[in-house]
Each structure stands twice: as structure tokens, then as C-alpha cells.
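> Input structure: start-v6.txt, which contains compact mmCIF, C-alpha atoms and all ligand atoms.
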```
# COMPACT_ATOMS: atom_id res chain seq x y z
CA MET A 1 121.44 103.72 114.30
CA PRO A 2 122.34 107.42 114.13
CA GLU A 3 122.33 109.29 117.42
CA ARG A 4 119.13 111.05 118.41
CA GLY A 5 118.95 114.58 117.11
CA THR A 6 120.31 113.55 113.73
CA ARG A 7 118.52 114.99 110.71
CA TRP A 8 117.25 112.55 108.05
CA ILE A 9 116.83 112.90 104.30
CA GLY A 10 115.72 110.06 102.08
CA THR A 11 113.85 109.08 98.98
CA SER A 12 111.79 106.21 97.68
CA TRP A 13 111.87 105.73 93.95
CA LYS A 14 108.51 103.94 94.07
CA MET A 15 107.89 102.06 90.77
CA THR A 16 110.48 103.98 88.73
CA LYS A 17 113.98 103.32 87.41
CA THR A 18 115.63 100.37 85.73
CA ARG A 19 118.73 98.86 87.35
CA ALA A 20 120.96 100.96 85.10
CA GLU A 21 119.07 104.14 85.98
CA GLY A 22 119.27 103.26 89.66
CA LEU A 23 123.00 102.67 89.49
CA ALA A 24 123.52 105.97 87.66
CA TRP A 25 121.56 107.76 90.40
CA ALA A 26 123.60 106.02 93.12
CA ARG A 27 126.84 106.91 91.34
CA GLY A 28 125.66 110.53 91.18
CA LEU A 29 124.92 110.43 94.90
CA VAL A 30 128.39 109.09 95.73
CA ASP A 31 130.03 111.77 93.61
CA GLY A 32 127.75 114.52 94.92
CA LEU A 33 128.37 113.64 98.57
CA ALA A 34 132.12 113.38 97.96
CA ALA A 35 132.07 116.81 96.31
CA ARG A 36 130.41 118.11 99.49
CA GLY A 37 133.26 116.73 101.58
CA ARG A 38 131.32 113.85 103.08
CA ALA A 39 133.89 111.12 103.76
CA PRO A 40 132.73 107.66 102.65
CA GLY A 41 132.70 106.19 106.15
CA ALA A 42 131.47 109.30 107.98
CA ALA A 43 128.62 108.47 110.33
CA ALA A 44 125.54 110.66 110.47
CA GLY A 45 125.40 113.04 113.40
CA PRO A 46 124.46 116.60 114.29
CA ASP A 47 126.54 117.98 111.41
CA ALA A 48 125.67 115.42 108.75
CA PRO A 49 122.21 114.08 107.99
CA GLN A 50 121.40 110.41 107.77
CA VAL A 51 120.87 109.83 104.07
CA PHE A 52 118.73 106.92 102.88
CA VAL A 53 117.45 105.63 99.57
CA VAL A 54 114.72 103.11 98.86
CA PRO A 55 115.03 101.64 95.36
CA PRO A 56 112.61 99.17 93.76
CA ALA A 57 113.35 95.54 94.65
CA THR A 58 114.89 94.87 91.23
CA ALA A 59 117.66 97.42 91.85
CA LEU A 60 118.11 96.82 95.57
CA ALA A 61 121.08 94.44 95.45
CA GLU A 62 123.11 96.42 92.95
CA VAL A 63 122.41 99.83 94.46
CA SER A 64 123.14 98.62 97.98
CA ALA A 65 126.39 96.94 96.83
CA LEU A 66 127.57 100.14 95.16
CA LEU A 67 126.70 102.33 98.15
CA ALA A 68 128.05 99.82 100.72
CA GLY A 69 131.39 100.10 98.96
CA GLU A 70 131.51 103.82 98.24
CA ALA A 71 129.17 105.57 100.68
CA PRO A 72 128.50 103.09 103.50
CA HIS A 73 126.91 105.78 105.68
CA VAL A 74 123.92 105.80 103.28
CA LEU A 75 121.13 103.48 104.41
CA VAL A 76 119.51 101.49 101.62
CA GLY A 77 115.99 100.22 102.09
CA ALA A 78 113.21 98.11 100.62
CA GLN A 79 109.78 99.57 99.80
CA ASP A 80 107.94 96.85 101.70
CA ALA A 81 108.47 93.38 103.16
CA HIS A 82 106.19 90.60 104.34
CA TRP A 83 105.69 89.81 108.01
CA GLU A 84 106.54 86.11 107.61
CA ASP A 85 110.16 85.05 107.12
CA ALA A 86 109.41 82.62 104.27
CA GLY A 87 106.61 80.60 102.77
CA ALA A 88 103.89 80.33 100.13
CA TRP A 89 103.29 84.05 99.52
CA THR A 90 103.59 84.45 95.76
CA GLY A 91 104.93 87.81 94.69
CA GLU A 92 106.03 88.87 98.16
CA LEU A 93 109.49 89.41 99.63
CA SER A 94 110.42 88.72 103.23
CA VAL A 95 112.60 90.79 105.51
CA PRO A 96 115.41 88.17 105.41
CA GLN A 97 115.26 88.32 101.60
CA VAL A 98 115.49 92.10 101.35
CA ALA A 99 118.22 92.07 104.01
CA ASP A 100 120.08 89.50 101.92
CA ALA A 101 119.82 91.94 98.98
CA GLY A 102 121.41 94.66 101.13
CA ALA A 103 118.47 96.45 102.73
CA ARG A 104 119.08 97.88 106.19
CA LEU A 105 115.75 99.73 106.31
CA VAL A 106 112.20 98.74 105.31
CA GLU A 107 109.50 101.21 104.36
CA ILE A 108 106.23 100.03 105.88
CA GLY A 109 102.66 101.22 105.48
CA HIS A 110 103.07 103.83 102.74
CA SER A 111 99.66 105.26 101.86
CA GLU A 112 99.83 103.75 98.36
CA ARG A 113 100.20 100.32 99.95
CA ARG A 114 97.47 101.03 102.49
CA GLU A 115 95.12 102.21 99.73
CA HIS A 116 95.80 99.67 96.98
CA PHE A 117 97.40 96.62 98.60
CA GLY A 118 95.54 96.03 101.83
CA ASP A 119 98.16 97.20 104.30
CA THR A 120 95.98 97.62 107.37
CA ASP A 121 97.26 98.88 110.71
CA GLU A 122 97.37 95.25 111.83
CA ARG A 123 99.59 94.17 108.93
CA VAL A 124 101.74 97.24 109.35
CA ALA A 125 102.33 96.32 113.00
CA LEU A 126 103.34 92.79 111.99
CA LYS A 127 105.73 94.13 109.35
CA VAL A 128 107.32 96.53 111.85
CA ARG A 129 107.94 93.57 114.15
CA ALA A 130 109.41 91.51 111.31
CA ALA A 131 111.83 94.31 110.39
CA LEU A 132 112.92 94.72 114.02
CA ARG A 133 113.30 90.96 114.50
CA HIS A 134 115.92 90.95 111.76
CA GLY A 135 117.69 94.13 112.80
CA LEU A 136 116.38 96.43 110.04
CA VAL A 137 115.12 99.96 110.60
CA PRO A 138 111.34 100.17 110.08
CA LEU A 139 110.32 103.38 108.31
CA LEU A 140 106.71 103.55 109.49
CA CYS A 141 104.57 105.68 107.15
CA VAL A 142 101.40 107.25 108.53
CA GLY A 143 99.06 110.02 107.46
CA GLU A 144 95.46 111.08 107.12
CA THR A 145 93.24 111.39 104.06
CA THR A 146 91.50 114.62 103.06
CA ALA A 147 88.28 113.34 104.61
CA VAL A 148 89.94 112.73 107.97
CA ARG A 149 91.62 116.15 107.86
CA SER A 150 88.26 117.78 107.12
CA SER A 151 86.71 115.99 110.09
CA GLY A 152 89.33 117.58 112.35
CA ARG A 153 90.48 114.18 113.66
CA HIS A 154 93.82 114.20 111.83
CA ALA A 155 96.13 114.43 114.84
CA ALA A 156 94.27 111.67 116.68
CA HIS A 157 94.14 109.52 113.55
CA VAL A 158 97.89 109.69 112.98
CA ALA A 159 98.63 109.14 116.67
CA ASP A 160 96.44 106.01 116.54
CA GLN A 161 98.27 104.75 113.45
CA VAL A 162 101.63 105.16 115.18
CA ARG A 163 100.46 103.68 118.45
CA SER A 164 98.98 100.62 116.77
CA ALA A 165 102.43 99.90 115.30
CA VAL A 166 104.69 100.70 118.25
CA ASP A 167 102.63 99.96 121.35
CA GLY A 168 103.80 96.77 122.95
CA LEU A 169 107.27 96.95 121.45
CA ASP A 170 110.25 96.53 123.70
CA PRO A 171 111.57 100.09 124.24
CA ALA A 172 114.94 99.04 122.83
CA ASP A 173 113.14 98.08 119.60
CA ALA A 174 110.76 101.04 119.45
CA VAL A 175 113.70 103.42 119.53
CA ARG A 176 114.80 102.02 116.16
CA VAL A 177 111.51 102.93 114.44
CA VAL A 178 111.54 106.02 112.21
CA VAL A 179 108.11 107.55 111.64
CA ALA A 180 107.28 109.30 108.36
CA TYR A 181 104.24 111.55 108.61
CA GLU A 182 102.87 111.80 105.08
CA PRO A 183 99.38 113.23 104.71
CA VAL A 184 97.69 111.39 101.85
CA TRP A 185 96.46 114.70 100.39
CA ALA A 186 100.06 115.91 100.07
CA ILE A 187 101.50 112.86 98.29
CA GLY A 188 102.13 112.46 94.59
CA ALA A 189 101.27 114.32 91.41
CA GLY A 190 97.78 115.26 92.63
CA GLY A 191 99.00 116.29 96.06
CA ARG A 192 99.28 119.77 97.42
CA ARG A 193 102.17 121.12 99.46
CA ALA A 194 101.46 121.08 103.18
CA ARG A 195 101.79 124.33 105.10
CA ALA A 196 104.01 124.30 108.15
CA GLU A 197 101.08 124.89 110.49
CA GLU A 198 99.19 121.93 109.01
CA VAL A 199 102.21 119.72 109.70
CA ALA A 200 102.63 121.12 113.20
CA GLU A 201 99.00 120.28 114.07
CA VAL A 202 99.92 116.61 113.77
CA VAL A 203 103.63 116.42 114.58
CA GLU A 204 103.67 118.50 117.75
CA PRO A 205 101.13 116.39 119.66
CA LEU A 206 102.62 113.22 118.21
CA VAL A 207 106.10 114.06 119.45
CA ALA A 208 104.71 115.22 122.79
CA ASP A 209 103.05 111.83 123.12
CA LEU A 210 105.95 109.70 121.83
CA GLY A 211 108.78 111.55 123.53
CA ASP A 212 112.01 109.69 122.88
CA ARG A 213 110.30 106.37 122.22
CA VAL A 214 111.11 106.40 118.48
CA ALA A 215 114.21 107.34 116.47
CA GLY A 216 112.64 110.36 114.81
CA VAL A 217 109.74 111.81 112.84
CA LEU A 218 110.12 112.75 109.19
CA PHE A 219 107.74 114.62 106.91
CA GLY A 220 106.85 113.53 103.38
CA GLY A 221 104.47 114.57 100.61
CA SER A 222 105.26 116.97 97.75
CA VAL A 223 108.49 118.01 99.45
CA ASP A 224 110.70 120.20 97.28
CA VAL A 225 113.61 122.58 97.77
CA ALA A 226 111.34 125.62 98.03
CA GLY A 227 109.15 124.15 100.75
CA ALA A 228 111.79 122.18 102.68
CA PRO A 229 113.10 124.90 105.04
CA ASP A 230 109.64 125.67 106.47
CA LEU A 231 108.92 121.97 106.96
CA LEU A 232 112.26 121.41 108.72
CA ALA A 233 111.50 124.34 111.01
CA VAL A 234 108.39 122.64 112.41
CA PRO A 235 109.24 121.52 115.96
CA GLY A 236 109.52 117.75 116.06
CA VAL A 237 110.29 117.28 112.35
CA ASP A 238 113.65 115.50 112.14
CA GLY A 239 113.91 115.21 108.40
CA LEU A 240 112.28 114.70 105.03
CA PHE A 241 111.13 111.73 102.98
CA VAL A 242 110.88 112.65 99.32
CA GLY A 243 109.43 111.17 96.15
CA ARG A 244 109.37 113.00 92.84
CA ALA A 245 111.68 115.89 93.72
CA ALA A 246 114.47 113.40 94.47
CA TRP A 247 114.21 111.07 91.50
CA ASP A 248 116.78 113.18 89.71
CA VAL A 249 119.91 112.87 91.84
CA GLU A 250 120.73 116.57 91.48
CA GLY A 251 117.34 117.33 93.02
CA PHE A 252 118.07 114.96 95.87
CA LEU A 253 121.49 116.54 96.48
CA ARG A 254 119.89 119.98 96.67
CA LEU A 255 117.59 118.64 99.37
CA VAL A 256 120.58 117.08 101.18
CA ASP A 257 122.09 120.58 101.17
CA VAL A 258 118.93 122.13 102.61
CA VAL A 259 118.76 119.53 105.38
CA THR A 260 122.49 119.86 106.13
CA GLY A 261 122.19 123.66 106.24
CA ALA A 262 119.19 123.50 108.54
CA GLY A 263 121.44 122.11 111.25
CA ARG A 264 119.82 121.19 114.52
P1 LIG A 301 106.08 112.85 96.62
O1 LIG A 301 106.02 111.43 97.33
O2 LIG A 301 107.28 113.59 97.22
O3 LIG A 301 106.29 112.54 95.17
O4 LIG A 301 104.81 113.54 96.91
C1 LIG A 301 106.21 111.34 98.71
C2 LIG A 301 105.99 109.95 99.23
O5 LIG A 301 105.08 109.26 98.75
O6 LIG A 301 106.71 109.53 100.14
```
Could you express the structure from this file as C-alpha cells?


Amino acid sequence: MPERGTRWIGTSWKMTKTRAEGLAWARGLVDGLAARGRAPGAAAGPDAPQVFVVPPATALAEVSALLAGEAPHVLVGAQDAHWEDAGAWTGELSVPQVADAGARLVEIGHSERREHFGDTDERVALKVRAALRHGLVPLLCVGETTAVRSSGRHAAHVADQVRSAVDGLDPADAVRVVVAYEPVWAIGAGGRRARAEEVAEVVEPLVADLGDRVAGVLFGGSVDVAGAPDLLAVPGVDGLFVGRAAWDVEGFLRLVDVVTGAGR
């Protein structure tokens, strides 16, 4: 686990990329980080962000094998995992299975899963526990819809989502959870860029409440190079979780540069 105070930058490819496309992206990442002087074994810390990538399950084993060999400081993750370790759950993957394929992180509770695949707060909490039980980093995604934002309850809503997943955890486990605040209205092609003050309205009280209980709080949703500096300047935001702007590896590397340059 990177030391507290480390900046984070990561991407999920969602349902994009073949294995070959994923490997080409990972190769581009290795070369791009090497060109920036990042030594293959260099741990993340105040001067170097923790980089992570979340490929689709089909590319997980190959991408994680390539990066484990050539850029082992990069965390590779799965986009979801079931709360049970094994069993009759057709179509699902368990945490031991994604770990076996090389995942060291599991994305949990993304809004697309909450909206379309029944990931309730209760299931999210179970999945967070499953990830922790097997030593993986849970990337806990939370965020309010437009309707909740309009009601003015957004900060309380997000705080409740986080609390329902982390309350009751052993403190030594909770400190391994990374929270990604991703307002639903900011995510994806129909999303709109969040303004720094809109992010602060949620993140500042959240961080005040959580203190050092979790590993960090990232922001996600229509993040791009132009908007990244303002988002990183919001107190309590430790990094960025990016979709579309990072699917081209050059775009991702530009965001790595912004996060690296933002320092701490
Ligand atoms: P986006 O996706 O950057 O394409 O909006 C973000 C996310 O869903 O994490």
C-alpha cells in the first residue's frame, strides 16, 4: 500500500479493448513511464503517483503479467468481483479468481454497476469485505445522481454510501480502502465536467468525517487534462480515476504528468 499522502491516477477501460489492444496500451504505459524516468521497481510516494489500471476481465491476466514484469509499481485491478469465494454464480468472478489473474485491486460499486447490475450498498459492503479478506485493495466508487444533487442531500448521500461500506471494518482493513467519488451526472459521454466547488461540497465533509480511516479519496467523472489541475487542487482529493480520456495511452500519460506535477 503506498504511504498516505501519495497521489493516485488510474483508469478503468470499462467494456472496451481486445487483449491485443490492452497489451498495446500497457506496452505504451511501460515505455511512457520509462521515458519519464520512472524506474520499473520505484514505489509510489510523495514524488511519484500510484498508477493503476483496470482492464476488462478478458485482458486482466495478460496485462497484469506484462506490467508485473516491466512496471511492477503499477497496480492492476478488476472491474468487479463477487462477494463469495466460489460457487454456483454463473457469469461472475470471485476475488480469488481475479487475484489469480493478477489483480491487486478491485473496483467496487461503480455507478454503472449500481444502476444496471443491482449493486446495492449492501452488496458493495460485502464485496469490499471480500477484497480485503484476500488482500486486494478495494476501490470503492460512490456518487450521487442529478436528482440527489438537486435535493441538496449530495454530501450526506455520499457519506452514507461510504459509511455503509467501511463502518464495522477493522481499522487496519479500512485504511486499505480507496474511495472514488464519482458523481453520476459527471460520468460518461452524457456527463458534464464537475466544477471544483461542486466536488469540494462533497469531498471536504467526507474527508473531515473519515480522517485517516481510508487510504485516500479520488475524483472521477469526465476528467481530462484541462480540468485535472482544478480537481487536484480541491482539499481532500488525492487523485483521479479516469475513463474515456485515458483509453488512449498518450492521454493517460498526460494525466500522469498533471498528477505528478501537482505534487503534494
Ligand atoms: P469518464 O468515466 O471519465 O469516461 O467520465 C469515469 C468513470 O466512470 O470512472

> For the interface of chain A with ligand LIG 301 (chain A) (cut-off 7 Å, counting only C-alpha atoms and all ligand atoms), please tabulate each contacting residue of chain A alongside its nearest pair of atoms and their separation in Å to one decimal, rows sorted by chain and increasing number, as JSON lines.


```
{"residue": "A:Ser12", "atom": "CA", "partner": "A:LIG301", "partner_atom": "O6", "distance": 6.5}
{"residue": "A:Glu182", "atom": "CA", "partner": "A:LIG301", "partner_atom": "O6", "distance": 6.7}
{"residue": "A:Ala186", "atom": "CA", "partner": "A:LIG301", "partner_atom": "O4", "distance": 6.2}
{"residue": "A:Ile187", "atom": "CA", "partner": "A:LIG301", "partner_atom": "O4", "distance": 3.7}
{"residue": "A:Gly188", "atom": "CA", "partner": "A:LIG301", "partner_atom": "O4", "distance": 3.7}
{"residue": "A:Ala189", "atom": "CA", "partner": "A:LIG301", "partner_atom": "O3", "distance": 6.5}
{"residue": "A:Gly191", "atom": "CA", "partner": "A:LIG301", "partner_atom": "O4", "distance": 6.5}
{"residue": "A:Gly220", "atom": "CA", "partner": "A:LIG301", "partner_atom": "O6", "distance": 5.1}
{"residue": "A:Gly221", "atom": "CA", "partner": "A:LIG301", "partner_atom": "O4", "distance": 3.9}
{"residue": "A:Ser222", "atom": "CA", "partner": "A:LIG301", "partner_atom": "O4", "distance": 3.6}
{"residue": "A:Val223", "atom": "CA", "partner": "A:LIG301", "partner_atom": "O2", "distance": 5.1}
{"residue": "A:Phe241", "atom": "CA", "partner": "A:LIG301", "partner_atom": "O6", "distance": 5.7}
{"residue": "A:Val242", "atom": "CA", "partner": "A:LIG301", "partner_atom": "O2", "distance": 4.3}
{"residue": "A:Gly243", "atom": "CA", "partner": "A:LIG301", "partner_atom": "O2", "distance": 3.4}
{"residue": "A:Arg244", "atom": "CA", "partner": "A:LIG301", "partner_atom": "O3", "distance": 3.9}
{"residue": "A:Ala245", "atom": "CA", "partner": "A:LIG301", "partner_atom": "O2", "distance": 6.1}
```

> What gap, in Å, lies between CA of Val95 (chain A) and CA of Val178 (chain A)?

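Value for the CA of Val95 (chain A)-CA of Val178 (chain A) distance: 16.7 Å.
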
> Nearest to Ala174 (chain A): which of A:Gly135, A:Pro46, A:Gly102, A:Pro205 is it, counting all atoms listed in the file?

A:Gly135

> What separation in Å, quoted to one decimal, exists between CA of Leu139 (chain A) and CA of Asp121 (chain A)?

14.0 Å

> Which neighbours of region 192-195 of chain A fall inside 12 Å, counting all atoms listed in the file, when residues of the same chain fewer than 2 positions from it are skipped, and could you give them as number ranges by chain?

A: 146, 149, 181-190, 197-202, 219-234

> Can you work out which one of A:Leu67, A:Val203, A:Ala165, A:Ala155 has the shortest atom-to-atom distance to Ala125 (chain A), counting only C-alpha atoms?

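Selected residue with least distance to Ala125 (chain A): A:Ala165.
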
> Put region 223-247 of chain A into a file with N, CA, C and O atoms, as a tab-separated table (two decimals), in the first residue's frame.


```
chain	number	residue	atom	x	y	z
A	223	VAL	N	-13.11	13.41	-16.29
A	223	VAL	CA	-11.80	14.02	-16.01
A	223	VAL	C	-11.01	14.09	-17.32
A	223	VAL	O	-10.99	13.14	-18.10
A	224	ASP	N	-10.40	15.24	-17.57
A	224	ASP	CA	-9.49	15.39	-18.70
A	224	ASP	C	-8.34	16.30	-18.29
A	224	ASP	O	-8.32	16.83	-17.17
A	225	VAL	N	-7.38	16.46	-19.20
A	225	VAL	CA	-6.17	17.22	-18.86
A	225	VAL	C	-6.52	18.66	-18.50
A	225	VAL	O	-5.96	19.23	-17.55
A	226	ALA	N	-7.49	19.23	-19.21
A	226	ALA	CA	-7.83	20.63	-18.95
A	226	ALA	C	-8.42	20.82	-17.56
A	226	ALA	O	-8.13	21.81	-16.87
A	227	GLY	N	-9.24	19.88	-17.14
A	227	GLY	CA	-9.93	20.05	-15.85
A	227	GLY	C	-9.16	19.50	-14.66
A	227	GLY	O	-9.48	19.82	-13.51
A	228	ALA	N	-8.15	18.66	-14.92
A	228	ALA	CA	-7.48	17.93	-13.83
A	228	ALA	C	-6.85	18.84	-12.77
A	228	ALA	O	-7.00	18.57	-11.56
A	229	PRO	N	-6.12	19.89	-13.14
A	229	PRO	CA	-5.46	20.68	-12.08
A	229	PRO	C	-6.43	21.24	-11.05
A	229	PRO	O	-6.16	21.20	-9.85
A	230	ASP	N	-7.58	21.76	-11.50
A	230	ASP	CA	-8.55	22.31	-10.54
A	230	ASP	C	-9.10	21.22	-9.62
A	230	ASP	O	-9.34	21.46	-8.43
A	231	LEU	N	-9.32	20.04	-10.18
A	231	LEU	CA	-9.85	18.94	-9.36
A	231	LEU	C	-8.83	18.51	-8.32
A	231	LEU	O	-9.15	18.27	-7.16
A	232	LEU	N	-7.55	18.45	-8.73
A	232	LEU	CA	-6.49	18.04	-7.80
A	232	LEU	C	-6.26	19.07	-6.71
A	232	LEU	O	-5.72	18.76	-5.66
A	233	ALA	N	-6.68	20.30	-7.00
A	233	ALA	CA	-6.47	21.37	-6.01
A	233	ALA	C	-7.55	21.38	-4.92
A	233	ALA	O	-7.43	22.10	-3.93
A	234	VAL	N	-8.59	20.58	-5.11
A	234	VAL	CA	-9.65	20.54	-4.09
A	234	VAL	C	-9.09	19.84	-2.84
A	234	VAL	O	-8.59	18.72	-2.94
A	235	PRO	N	-9.15	20.49	-1.68
A	235	PRO	CA	-8.62	19.84	-0.47
A	235	PRO	C	-9.29	18.50	-0.24
A	235	PRO	O	-10.52	18.39	-0.31
A	236	GLY	N	-8.48	17.48	0.00
A	236	GLY	CA	-9.01	16.15	0.25
A	236	GLY	C	-9.00	15.25	-0.96
A	236	GLY	O	-9.15	14.03	-0.83
A	237	VAL	N	-8.82	15.81	-2.15
A	237	VAL	CA	-8.74	14.97	-3.37
A	237	VAL	C	-7.30	14.50	-3.52
A	237	VAL	O	-6.38	15.29	-3.67
A	238	ASP	N	-7.13	13.16	-3.47
A	238	ASP	CA	-5.79	12.57	-3.53
A	238	ASP	C	-5.41	12.09	-4.92
A	238	ASP	O	-4.28	11.62	-5.12
A	239	GLY	N	-6.35	12.15	-5.86
A	239	GLY	CA	-6.01	11.66	-7.18
A	239	GLY	C	-7.22	11.57	-8.07
A	239	GLY	O	-8.31	12.04	-7.72
A	240	LEU	N	-7.04	10.96	-9.23
A	240	LEU	CA	-8.06	10.95	-10.27
A	240	LEU	C	-8.28	9.54	-10.80
A	240	LEU	O	-7.33	8.76	-10.93
A	241	PHE	N	-9.55	9.26	-11.09
A	241	PHE	CA	-9.94	7.98	-11.67
A	241	PHE	C	-10.64	8.31	-12.99
A	241	PHE	O	-11.65	9.01	-13.00
A	242	VAL	N	-10.09	7.81	-14.09
A	242	VAL	CA	-10.42	8.35	-15.40
A	242	VAL	C	-10.95	7.25	-16.32
A	242	VAL	O	-10.42	6.13	-16.33
A	243	GLY	N	-11.95	7.60	-17.11
A	243	GLY	CA	-12.45	6.70	-18.15
A	243	GLY	C	-11.93	7.12	-19.50
A	243	GLY	O	-10.74	6.98	-19.82
A	244	ARG	N	-12.83	7.73	-20.29
A	244	ARG	CA	-12.54	7.97	-21.71
A	244	ARG	C	-11.24	8.68	-22.01
A	244	ARG	O	-10.54	8.32	-22.96
A	245	ALA	N	-10.88	9.68	-21.21
A	245	ALA	CA	-9.68	10.47	-21.53
A	245	ALA	C	-8.40	9.66	-21.39
A	245	ALA	O	-7.32	10.12	-21.80
A	246	ALA	N	-8.51	8.45	-20.81
A	246	ALA	CA	-7.31	7.64	-20.58
A	246	ALA	C	-7.26	6.39	-21.46
A	246	ALA	O	-6.33	5.60	-21.36
A	247	TRP	N	-8.26	6.22	-22.29
A	247	TRP	CA	-8.30	4.97	-23.07
A	247	TRP	C	-7.25	4.96	-24.17
A	247	TRP	O	-6.85	3.90	-24.66
```
